[in-house]
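Chemist: Please find input31.txt (compact mmCIF, C-alpha atoms) on the next line:
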```
# COMPACT_ATOMS: atom_id res chain seq x y z
CA MET C 1 91.80 70.76 126.52
CA THR C 2 89.37 73.54 126.01
CA THR C 3 89.98 76.78 127.91
CA ALA C 4 86.92 78.75 128.96
CA THR C 5 87.02 82.42 128.09
CA THR C 6 85.24 84.93 130.37
CA THR C 7 83.99 88.14 128.76
CA THR C 8 83.65 91.17 131.09
CA THR C 9 81.15 93.87 130.09
CA SER C 10 82.12 97.45 131.05
CA PRO C 11 79.59 99.58 133.03
CA ALA C 12 79.40 102.00 130.09
CA ALA C 13 78.54 99.19 127.69
CA ALA C 14 75.96 97.78 130.12
CA ALA C 15 74.28 101.17 130.38
CA LEU C 16 74.14 101.68 126.61
CA PRO C 17 70.86 99.79 126.00
CA LEU C 18 69.16 101.78 128.78
CA LEU C 19 70.45 105.07 127.33
CA LEU C 20 69.21 104.10 123.87
CA LEU C 21 65.83 103.20 125.37
CA LEU C 22 65.58 106.58 127.11
CA LEU C 23 66.59 108.43 123.96
CA SER C 24 64.03 106.48 121.98
CA ALA C 25 61.30 107.30 124.53
CA ALA C 26 62.29 110.97 124.49
CA ALA C 27 62.15 111.00 120.68
CA GLN C 28 58.72 109.39 120.71
CA LEU C 29 57.55 111.94 123.32
CA SER C 30 58.85 114.85 121.22
CA TRP C 31 56.98 113.46 118.22
CA ALA C 32 53.86 113.04 120.37
CA CYS C 33 53.93 116.60 121.68
CA PRO C 34 52.69 119.44 119.47
CA PRO C 35 55.42 121.98 118.67
CA ALA C 36 55.60 124.73 121.29
CA ALA C 37 55.42 127.46 118.65
CA SER C 38 52.09 126.11 117.41
CA GLN C 39 50.39 126.26 120.81
CA THR C 40 48.13 129.26 121.34
CA ALA C 41 44.98 130.18 123.21
CA GLU C 42 43.03 128.54 120.37
CA ASN C 43 44.33 125.01 120.99
CA ASN C 44 45.77 125.04 124.54
CA PRO C 45 43.41 125.40 127.55
CA ARG C 46 46.18 126.82 129.77
CA LEU C 47 46.97 129.51 127.26
CA GLN C 48 43.24 130.15 126.83
CA ARG C 49 42.99 130.91 130.56
CA ALA C 50 46.12 133.06 130.32
CA TYR C 51 44.53 134.96 127.42
CA VAL C 52 41.48 135.76 129.56
CA ALA C 53 43.70 136.92 132.45
CA LEU C 54 45.99 139.09 130.31
CA GLN C 55 43.13 140.70 128.42
CA ALA C 56 41.44 141.49 131.73
CA LEU C 57 44.67 143.13 132.90
CA ARG C 58 44.98 145.05 129.65
CA ARG C 59 41.46 146.42 130.09
CA ARG C 60 42.43 147.71 133.55
CA VAL C 61 45.33 149.75 132.13
CA THR C 62 44.46 153.45 132.05
CA ASP C 63 47.87 154.75 130.97
CA ASP C 64 50.63 152.92 129.12
CA PRO C 65 53.22 155.55 128.13
CA LYS C 66 55.67 152.95 126.81
CA ASN C 67 52.97 151.03 124.92
CA LEU C 68 54.00 147.78 126.60
CA THR C 69 50.56 146.22 126.24
CA GLY C 70 49.87 147.65 122.80
CA GLY C 71 50.79 144.32 121.21
CA TRP C 72 48.69 142.22 123.57
CA CYS C 73 46.35 141.13 120.78
CA GLY C 74 45.49 137.74 119.37
CA PRO C 75 45.70 134.19 120.73
CA ASP C 76 49.52 133.86 120.72
CA VAL C 77 49.96 135.06 124.31
CA CYS C 78 53.54 133.77 124.49
CA ARG C 79 54.52 136.58 122.11
CA TYR C 80 53.04 139.30 124.32
CA PHE C 81 55.57 141.72 125.76
CA GLY C 82 56.62 140.69 129.27
CA VAL C 83 55.02 137.25 129.05
CA TYR C 84 57.30 134.22 129.37
CA CYS C 85 56.14 130.71 128.50
CA ALA C 86 57.58 127.33 129.36
CA ALA C 87 56.57 123.69 129.55
CA ALA C 88 53.95 123.10 132.23
CA PRO C 89 55.45 121.47 135.34
CA ASP C 90 52.81 118.71 135.32
CA ASP C 91 52.66 118.20 131.54
CA PRO C 92 55.85 118.61 129.48
CA CYS C 93 53.80 118.63 126.28
CA ALA C 94 51.76 121.67 127.31
CA VAL C 95 53.07 125.21 127.04
CA THR C 96 51.97 127.57 129.82
CA VAL C 97 52.62 131.12 131.05
CA ALA C 98 55.35 130.82 133.68
CA GLY C 99 56.35 134.46 134.10
CA LEU C 100 54.97 137.98 133.82
CA ASP C 101 57.51 140.79 134.00
CA LEU C 102 56.37 144.37 133.51
CA ASN C 103 59.00 145.98 135.73
CA HIS C 104 59.65 149.70 135.17
CA GLY C 105 56.72 149.98 132.79
CA ASP C 106 55.14 153.08 134.36
CA LEU C 107 51.77 151.45 133.79
CA ALA C 108 48.73 152.94 135.53
CA ALA C 109 46.28 150.13 136.29
CA THR C 110 44.56 147.96 138.87
CA LEU C 111 44.96 144.21 139.18
CA PRO C 112 41.93 142.10 138.11
CA ASP C 113 40.68 138.96 139.83
CA GLU C 114 41.32 137.11 136.57
CA LEU C 115 45.01 137.19 137.48
CA GLY C 116 44.26 134.02 139.42
CA LEU C 117 43.79 132.19 136.12
CA LEU C 118 47.59 132.25 135.67
CA SER C 119 47.81 129.19 137.89
CA ASP C 120 51.21 128.07 136.55
CA LEU C 121 52.86 131.44 137.15
CA ALA C 122 56.22 131.20 138.94
CA VAL C 123 57.37 134.82 138.60
CA LEU C 124 55.24 137.96 138.94
CA HIS C 125 57.31 141.13 138.58
CA LEU C 126 55.35 144.39 138.48
CA ASN C 127 57.68 146.82 140.22
CA SER C 128 58.05 150.51 139.37
CA ASN C 129 54.62 151.07 137.89
CA ARG C 130 51.49 152.89 139.04
CA PHE C 131 49.35 149.95 140.07
CA SER C 132 46.74 151.05 142.60
CA GLY C 133 44.07 149.32 144.65
CA THR C 134 44.91 146.02 146.32
CA LEU C 135 46.29 142.64 145.36
CA PRO C 136 43.41 140.49 144.04
CA ASP C 137 41.62 137.99 146.27
CA THR C 138 42.47 135.29 143.74
CA LEU C 139 46.21 135.55 144.48
CA PRO C 140 46.25 132.23 146.43
CA LYS C 141 45.38 130.44 143.16
CA LEU C 142 48.95 131.13 142.04
CA SER C 143 50.11 128.08 143.95
CA LEU C 144 53.40 127.79 142.03
CA LEU C 145 54.41 131.43 142.52
CA HIS C 146 58.04 131.71 143.59
CA GLU C 147 58.73 135.44 143.24
CA LEU C 148 56.29 138.28 143.98
CA ASP C 149 57.56 141.80 143.33
CA VAL C 150 54.98 144.60 143.36
CA SER C 151 57.31 147.19 144.87
CA ASN C 152 57.27 150.89 144.03
CA ASN C 153 53.61 151.17 143.14
CA LEU C 154 50.51 152.80 144.62
CA LEU C 155 48.98 149.70 146.19
CA ALA C 156 47.08 150.25 149.43
CA GLY C 157 45.00 148.57 152.11
CA GLY C 158 46.09 146.23 154.86
CA PHE C 159 48.90 143.74 154.61
CA PRO C 160 48.04 141.42 151.68
CA GLU C 161 47.42 138.32 153.79
CA HIS C 162 46.87 136.23 150.66
CA ILE C 163 50.67 136.02 150.57
CA LEU C 164 50.43 133.68 153.55
CA CYS C 165 48.48 131.25 151.34
CA LEU C 166 51.16 130.99 148.65
CA PRO C 167 52.89 127.68 149.43
CA ASN C 168 55.97 128.13 147.24
CA VAL C 169 56.73 131.84 147.44
CA LYS C 170 60.35 132.57 148.40
CA TYR C 171 60.79 136.23 147.40
CA VAL C 172 58.31 138.85 148.64
CA ASP C 173 58.88 142.51 147.77
CA ILE C 174 56.03 144.90 148.55
CA ARG C 175 58.14 147.93 149.56
CA PHE C 176 57.39 151.52 148.51
CA ASN C 177 53.60 151.23 148.51
CA ASN C 178 50.80 152.49 150.74
CA PHE C 179 50.02 149.32 152.68
CA CYS C 180 49.09 150.02 156.29
CA GLY C 181 48.20 148.46 159.62
CA GLU C 182 49.46 145.29 161.24
CA VAL C 183 51.80 142.77 159.68
CA PRO C 184 50.78 139.23 160.74
CA PRO C 185 53.46 137.42 162.75
CA ALA C 186 52.82 134.36 160.55
CA ILE C 187 54.85 135.97 157.75
CA PHE C 188 57.98 135.21 159.77
CA ASP C 189 57.05 131.53 159.95
CA LYS C 190 56.94 131.14 156.16
CA LYS C 191 59.93 129.73 154.31
CA ILE C 192 60.70 133.03 152.57
CA ASP C 193 64.25 133.82 151.50
CA ALA C 194 63.86 137.60 151.03
CA LEU C 195 61.27 139.86 152.68
CA PHE C 196 61.01 143.58 151.86
CA LEU C 197 58.27 145.42 153.79
CA ASN C 198 59.95 148.82 153.99
CA ASP C 199 58.55 152.23 153.06
CA ASN C 200 54.89 151.49 153.72
CA HIS C 201 52.54 152.66 156.47
CA PHE C 202 52.73 149.49 158.53
CA ASP C 203 52.37 149.86 162.30
CA PHE C 204 53.00 146.69 164.28
CA GLU C 205 54.91 145.17 167.16
CA LEU C 206 58.00 143.14 166.43
CA PRO C 207 56.81 139.60 167.16
CA ALA C 208 58.60 137.09 169.34
CA ASN C 209 58.69 134.67 166.39
CA LEU C 210 60.83 137.02 164.25
CA GLY C 211 63.66 134.55 164.75
CA ASN C 212 61.67 131.76 163.10
CA SER C 213 62.23 133.30 159.69
CA PRO C 214 64.69 131.43 157.43
CA ALA C 215 65.19 134.56 155.32
CA SER C 216 68.59 135.74 154.16
CA VAL C 217 67.38 139.35 153.79
CA ILE C 218 64.80 141.19 155.94
CA VAL C 219 64.17 144.91 155.41
CA LEU C 220 61.80 146.70 157.82
CA ALA C 221 62.94 150.28 157.20
CA ASN C 222 60.80 153.43 157.26
CA ILE C 223 57.74 151.88 158.87
CA LYS C 224 56.45 152.09 162.45
CA LEU C 225 57.57 149.30 164.73
CA ARG C 226 56.59 148.88 168.35
CA GLY C 227 58.05 146.64 171.00
CA CYS C 228 61.58 145.35 171.34
CA ILE C 229 64.08 143.62 169.11
CA PRO C 230 63.28 140.08 170.29
CA SER C 231 66.00 137.82 171.60
CA SER C 232 64.82 135.24 169.05
CA VAL C 233 66.76 137.22 166.42
CA GLY C 234 69.75 135.06 167.32
CA ARG C 235 68.00 131.99 165.95
CA MET C 236 68.45 133.26 162.38
CA ALA C 237 72.19 132.58 162.47
CA ALA C 238 72.08 129.86 159.82
CA THR C 239 70.50 131.98 157.10
CA LEU C 240 70.37 135.73 157.79
CA ASN C 241 72.72 137.83 155.68
CA GLU C 242 71.19 141.33 155.85
CA LEU C 243 68.96 142.93 158.50
CA VAL C 244 67.80 146.52 157.96
CA VAL C 245 65.53 148.11 160.58
CA LEU C 246 66.38 151.79 160.10
CA ASN C 247 64.07 154.70 160.92
CA SER C 248 61.28 152.54 162.30
CA GLY C 249 60.85 153.88 165.82
CA VAL C 250 62.22 150.81 167.60
CA ARG C 251 62.59 151.62 171.30
CA SER C 252 64.60 148.94 173.04
CA CYS C 253 68.06 147.68 173.82
CA ILE C 254 70.09 145.61 171.39
CA PRO C 255 69.78 142.05 172.72
CA PRO C 256 73.04 140.17 173.26
CA GLU C 257 71.67 137.31 171.16
CA ILE C 258 72.35 139.42 168.08
CA GLY C 259 75.95 138.27 168.40
CA HIS C 260 74.88 134.79 167.28
CA LEU C 261 74.38 136.11 163.74
CA GLY C 262 77.78 134.99 162.56
CA GLY C 263 76.81 135.08 158.87
CA LEU C 264 75.33 138.58 158.90
CA THR C 265 77.11 141.01 156.56
CA VAL C 266 74.86 144.08 156.89
CA LEU C 267 73.19 145.38 160.07
CA ASP C 268 71.48 148.76 159.96
CA VAL C 269 69.43 149.83 163.01
CA SER C 270 70.05 153.56 162.60
CA ASN C 271 67.52 156.32 163.27
CA ASN C 272 65.63 154.57 166.05
CA GLN C 273 65.37 154.96 169.83
CA LEU C 274 67.82 152.27 170.86
CA GLN C 275 69.36 152.71 174.30
CA GLY C 276 71.89 150.95 176.46
CA THR C 277 75.26 149.80 175.18
CA LEU C 278 76.50 147.79 172.23
CA PRO C 279 76.64 144.15 173.38
CA GLU C 280 80.13 142.66 173.70
CA SER C 281 78.70 139.64 171.85
CA MET C 282 78.74 141.65 168.62
CA ALA C 283 82.43 140.78 168.43
CA TRP C 284 81.28 137.29 167.37
CA MET C 285 79.70 138.61 164.16
CA ARG C 286 82.73 137.73 162.08
CA SER C 287 81.10 138.17 158.65
CA LEU C 288 79.91 141.72 159.35
CA GLU C 289 80.92 144.25 156.68
CA GLN C 290 78.59 147.19 157.33
CA LEU C 291 77.32 148.24 160.75
CA ASP C 292 75.18 151.34 161.25
CA VAL C 293 73.81 152.26 164.69
CA ALA C 294 73.76 156.04 164.09
CA ARG C 295 71.11 158.41 165.48
CA ASN C 296 70.05 156.46 168.53
CA GLU C 297 70.62 156.98 172.26
CA LEU C 298 73.35 154.41 172.73
CA ALA C 299 76.09 155.10 175.26
CA GLY C 300 79.15 153.64 176.97
CA HIS C 301 82.29 152.45 175.19
CA ILE C 302 82.48 150.85 171.76
CA PRO C 303 83.55 147.23 172.39
CA ALA C 304 87.06 146.69 171.05
CA GLY C 305 86.07 143.38 169.52
CA ILE C 306 83.67 145.04 167.07
CA CYS C 307 86.39 147.10 165.42
CA ALA C 308 88.58 143.99 165.26
CA LEU C 309 86.07 142.11 163.12
CA PRO C 310 87.97 140.81 160.07
CA HIS C 311 85.57 142.00 157.35
CA LEU C 312 84.20 145.21 158.84
CA LYS C 313 84.60 148.06 156.35
CA ASN C 314 81.95 150.60 157.34
CA PHE C 315 81.06 151.43 160.96
CA THR C 316 78.75 154.36 161.60
CA TYR C 317 77.89 155.26 165.21
CA SER C 318 77.43 159.02 164.94
CA TYR C 319 74.73 160.96 166.83
CA ASN C 320 74.73 158.82 169.97
CA TYR C 321 76.26 159.34 173.42
CA PHE C 322 79.28 157.05 173.29
CA CYS C 323 82.08 158.20 175.57
CA GLY C 324 84.92 156.02 174.31
CA GLU C 325 86.16 154.18 171.24
CA PRO C 326 89.19 151.94 170.66
CA GLU C 327 91.95 153.44 168.52
CA ARG C 328 91.49 150.53 166.17
CA CYS C 329 88.07 151.83 165.12
CA LEU C 330 89.66 154.91 163.59
CA HIS C 331 91.62 152.74 161.16
CA LEU C 332 88.60 151.15 159.52
CA ARG C 333 88.05 152.00 155.86
CA ARG C 334 85.08 154.19 156.78
CA VAL C 335 84.10 155.25 160.28
CA ASP C 336 81.77 158.02 161.48
CA ASP C 337 81.94 158.93 165.19
CA ARG C 338 80.56 162.48 164.99
CA GLN C 339 78.23 163.95 167.61
CA ASN C 340 79.05 161.66 170.50
CA CYS C 341 80.74 162.43 173.82
CA ILE C 342 84.22 161.13 172.98
CA ALA C 343 86.96 163.28 174.50
CA GLY C 344 89.62 164.49 172.08
CA ARG C 345 87.63 163.74 168.93
CA PRO C 346 86.38 166.51 166.60
CA ASP C 347 82.73 167.40 166.01
CA GLN C 348 81.34 166.00 169.25
CA ARG C 349 78.25 167.02 171.21
CA PRO C 350 78.46 170.07 173.49
CA ALA C 351 79.60 169.21 177.00
CA ASP C 352 76.27 170.24 178.55
CA GLN C 353 74.39 167.73 176.36
CA CYS C 354 76.73 164.96 177.43
CA LEU C 355 76.45 165.89 181.11
CA ALA C 356 72.66 166.01 180.91
CA PHE C 357 72.61 162.56 179.33
CA LEU C 358 74.91 161.14 182.01
CA HIS C 359 72.55 162.37 184.72
CA ARG C 360 69.63 160.42 183.29
CA PRO C 361 68.58 157.30 185.21
CA PRO C 362 70.55 154.34 183.86
CA VAL C 363 68.84 152.07 181.33
CA HIS C 364 68.35 148.45 182.27
CA CYS C 365 67.16 145.81 179.85
CA ASP C 366 65.39 142.55 180.57
CA ALA C 367 66.18 139.20 179.03
CA HIS C 368 64.05 140.06 175.99
CA GLY C 369 65.87 143.29 175.11
CA CYS C 370 63.08 145.50 176.46
CA PHE C 371 63.54 148.26 178.99
CA ALA C 372 63.11 146.78 182.45
CA PRO C 373 61.19 148.72 185.13
CA PRO C 374 63.23 149.62 188.23
CA GLY C 375 63.67 146.59 190.45
CA HIS C 376 62.80 144.12 187.65
CA TYR C 377 66.21 143.48 186.11
```
Can the structure from this file be put into structure tokens for me?
Modeler:
Amino acid sequence: MTTATTTTTSPAAAALPLLLLLLSAAAQLSWACPPAASQTAENNPRLQRAYVALQALRRRVTDDPKNLTGGWCGPDVCRYFGVYCAAAPDDPCAVTVAGLDLNHGDLAATLPDELGLLSDLAVLHLNSNRFSGTLPDTLPKLSLLHELDVSNNLLAGGFPEHILCLPNVKYVDIRFNNFCGEVPPAIFDKKIDALFLNDNHFDFELPANLGNSPASVIVLANIKLRGCIPSSVGRMAATLNELVVLNSGVRSCIPPEIGHLGGLTVLDVSNNQLQGTLPESMAWMRSLEQLDVARNELAGHIPAGICALPHLKNFTYSYNYFCGEPERCLHLRRVDDRQNCIAGRPDQRPADQCLAFLHRPPVHCDAHGCFAPPGHY
């Protein structure tokens, strides 16, 4: 009698031919591709376009105290200071310029239209220089741009609306410039992770679609904001980690929907014209670590639930008109309750200031966080 023998092939053994085939294909591809080090503007069209763009930028430089662009000569653009090359996303055999980082260069220059030739650029970092003028009209050609940082420069003009045309941008930092005028509400509809607009001359109304933003960080400090903090702010609960709206002239109540921001760690709305009371719903903000509502016109009692938040380390509510605070607040790592109307606490407002404030007509807020006219609340 003959006994049949069954041979079982292991999954690893079965996958071996496929792995060998892939390795062989990769080896053939590597042989087919020219070495990255040999690719320059003389034999690579992408690098040729990058050469034109970078030389145009170099010609716009009027002062380079650190000599950062002094070595920007010759066709080997990947060796230029601040230029970073990588394989092109649509052609692994082609080397392209993927990043330009001239941060803290103290360069005095303007940005040429030829910048749009860097069509594979993913990172553009130009902060802490002396770039003036505006962002070029060709900016939308940077369709792969992921990070745009032109902060701390001398750029001017209206909001650079070309940013709205960048399909892949996630990080936008244009703070500390001289941009002015309106900020389009559409910026809050873009899938941006971090948005820094602070320290410009913007003057705009907080839009109702603010809550559409999926950002984790939004900074709107030291600009001029009109309107109210919209109730839509509560819709950012899934993503928002930091919200900074200090010294921006906001005149409204704090909407109760702000309590939905359970992942928020930093909230700074100091130095505004906020009125009313702190919403009890803020006790739901269980990730909050820093809360600053100083220098407003807030009143009433500090809700006990705020000072019981498990991660709260820093709570500043000085220079308001609060009349009571839970004992628990005084045991936080850092608390500032100066210049309020809290009996028995040191460094409070004079009694006549507190009495005058109490005799003001009471503030009523509508469902949107705005001040409601008498009889409309």
Chemist: Under the rule that only C-alpha atoms are counted, which of C:Phe196, C:Phe371, C:Trp72, C:Tyr319 is the nearest residue to Val219 in chain C?
Modeler: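 With only C-alpha atoms as the atom set, the closest residue is C:Phe196.
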Chemist: Here is a test: counting all atoms listed in the file, which residue of C:Ala186, C:Leu332, C:Met282, C:Leu288 is nearest to Gly259 in chain C?
Modeler: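 When distances to Gly259 in chain C are compared using all atoms listed in the file, the smallest one comes from C:Met282.
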Chemist: Which polymer residues, protein or nucleic acid, are no farther than 8 Å from (67.2, 152.4, 171.9), counting all atoms listed in the file, as a list in words?
Modeler: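 Residues satisfying the cut-off, written out: Val250, Arg251, Ser252, Cys253, Ile254, Asn272, Gln273, Leu274, Gln275, Gly276, Asn296, Glu297 and Leu298 of chain C.
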Chemist: Tell me, as an mmCIF file with C-alpha atoms, in the frame of the given file, which residues lie within 6 Å of Leu264 in chain C, counting all atoms listed in the file; anything in the same chain fewer than 5 positions away does not count.
Modeler:
```cif
data_model
loop_
_atom_site.group_PDB
_atom_site.id
_atom_site.type_symbol
_atom_site.label_atom_id
_atom_site.label_comp_id
_atom_site.auth_asym_id
_atom_site.auth_seq_id
_atom_site.Cartn_x
_atom_site.Cartn_y
_atom_site.Cartn_z
ATOM 1 C CA LEU C 240 70.370 135.730 157.790
ATOM 2 C CA ASN C 241 72.720 137.830 155.680
ATOM 3 C CA GLU C 242 71.190 141.330 155.850
ATOM 4 C CA SER C 287 81.100 138.170 158.650
ATOM 5 C CA LEU C 288 79.910 141.720 159.350
#
```
Chemist: Env of Gly71 in chain C: 12 Å cut, atoms = only C-alpha atoms, seq-sep filter 5 positions within chain, self excluded. Answer as a count of residues only.
Modeler: 13
Chemist: Name the closest residue to Cys228 in chain C among the candidates C:Asp337, C:Ala88, C:Pro361, C:Asp366; distances are taken between atoms, counting all atoms listed in the file.
Modeler: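 So, comparing all the options, the nearest one is C:Asp366.
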Chemist: Given all atoms listed in the file, how would the per-residue table for range 22-124 of chain C near range 145-161 of chain C read, listing every residue at most 8 Å away with its closest atom pair and distance in Å to one decimal, sorted by chain and number, as a tab-separated table?
Modeler:
```
residue	atom	partner	partner_atom	distance
C:Asp120	CA	C:Leu145	CA	7.6
C:Leu121	CA	C:Leu145	CA	5.6
C:Ala122	CA	C:Leu145	CA	4.0
C:Val123	CA	C:Glu147	CA	4.9
C:Leu124	CA	C:Leu148	CA	5.2
```
Chemist: Within 9 Å of (85.4, 144.6, 161.2) (file coordinates; all atoms listed in the file), which protein or nucleic acid residues are there? I'd like them as an MDAnalysis selection string.
Modeler: chainID C and resid 283 285:291 305:315 329 332
Chemist: Considering all atoms listed in the file, state which residue in the set C:Thr69, C:Asn177, C:Ser270, C:Asn103 is at the smallest distance from Leu135 in chain C.
Modeler: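 Under the stated criterion, the closest residue is C:Asn177.
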Chemist: In Å to one decimal, how far is CA of Leu118 in chain C from CA of Leu100 in chain C?
Modeler: 9.5 Å
Chemist: Between C:Ser216, C:Val61, C:Ile302, C:Pro45, which residue has the minimum interatomic distance to Val97 in chain C, considering all atoms listed in the file?
Modeler: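 Checking each candidate against Val97 in chain C, we get C:Pro45 as the closest.
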Chemist: Using all atoms listed in the file, find the one residue out of C:His162, C:His260, C:His301, C:Arg328 that sits nearest to Pro184 in chain C.
Modeler: C:His162
Chemist: Work out how far CA of Asn43 in chain C is from CA of Asp90 in chain C, in Å to one decimal.
Modeler: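 These two atoms are separated by 17.8 Å.
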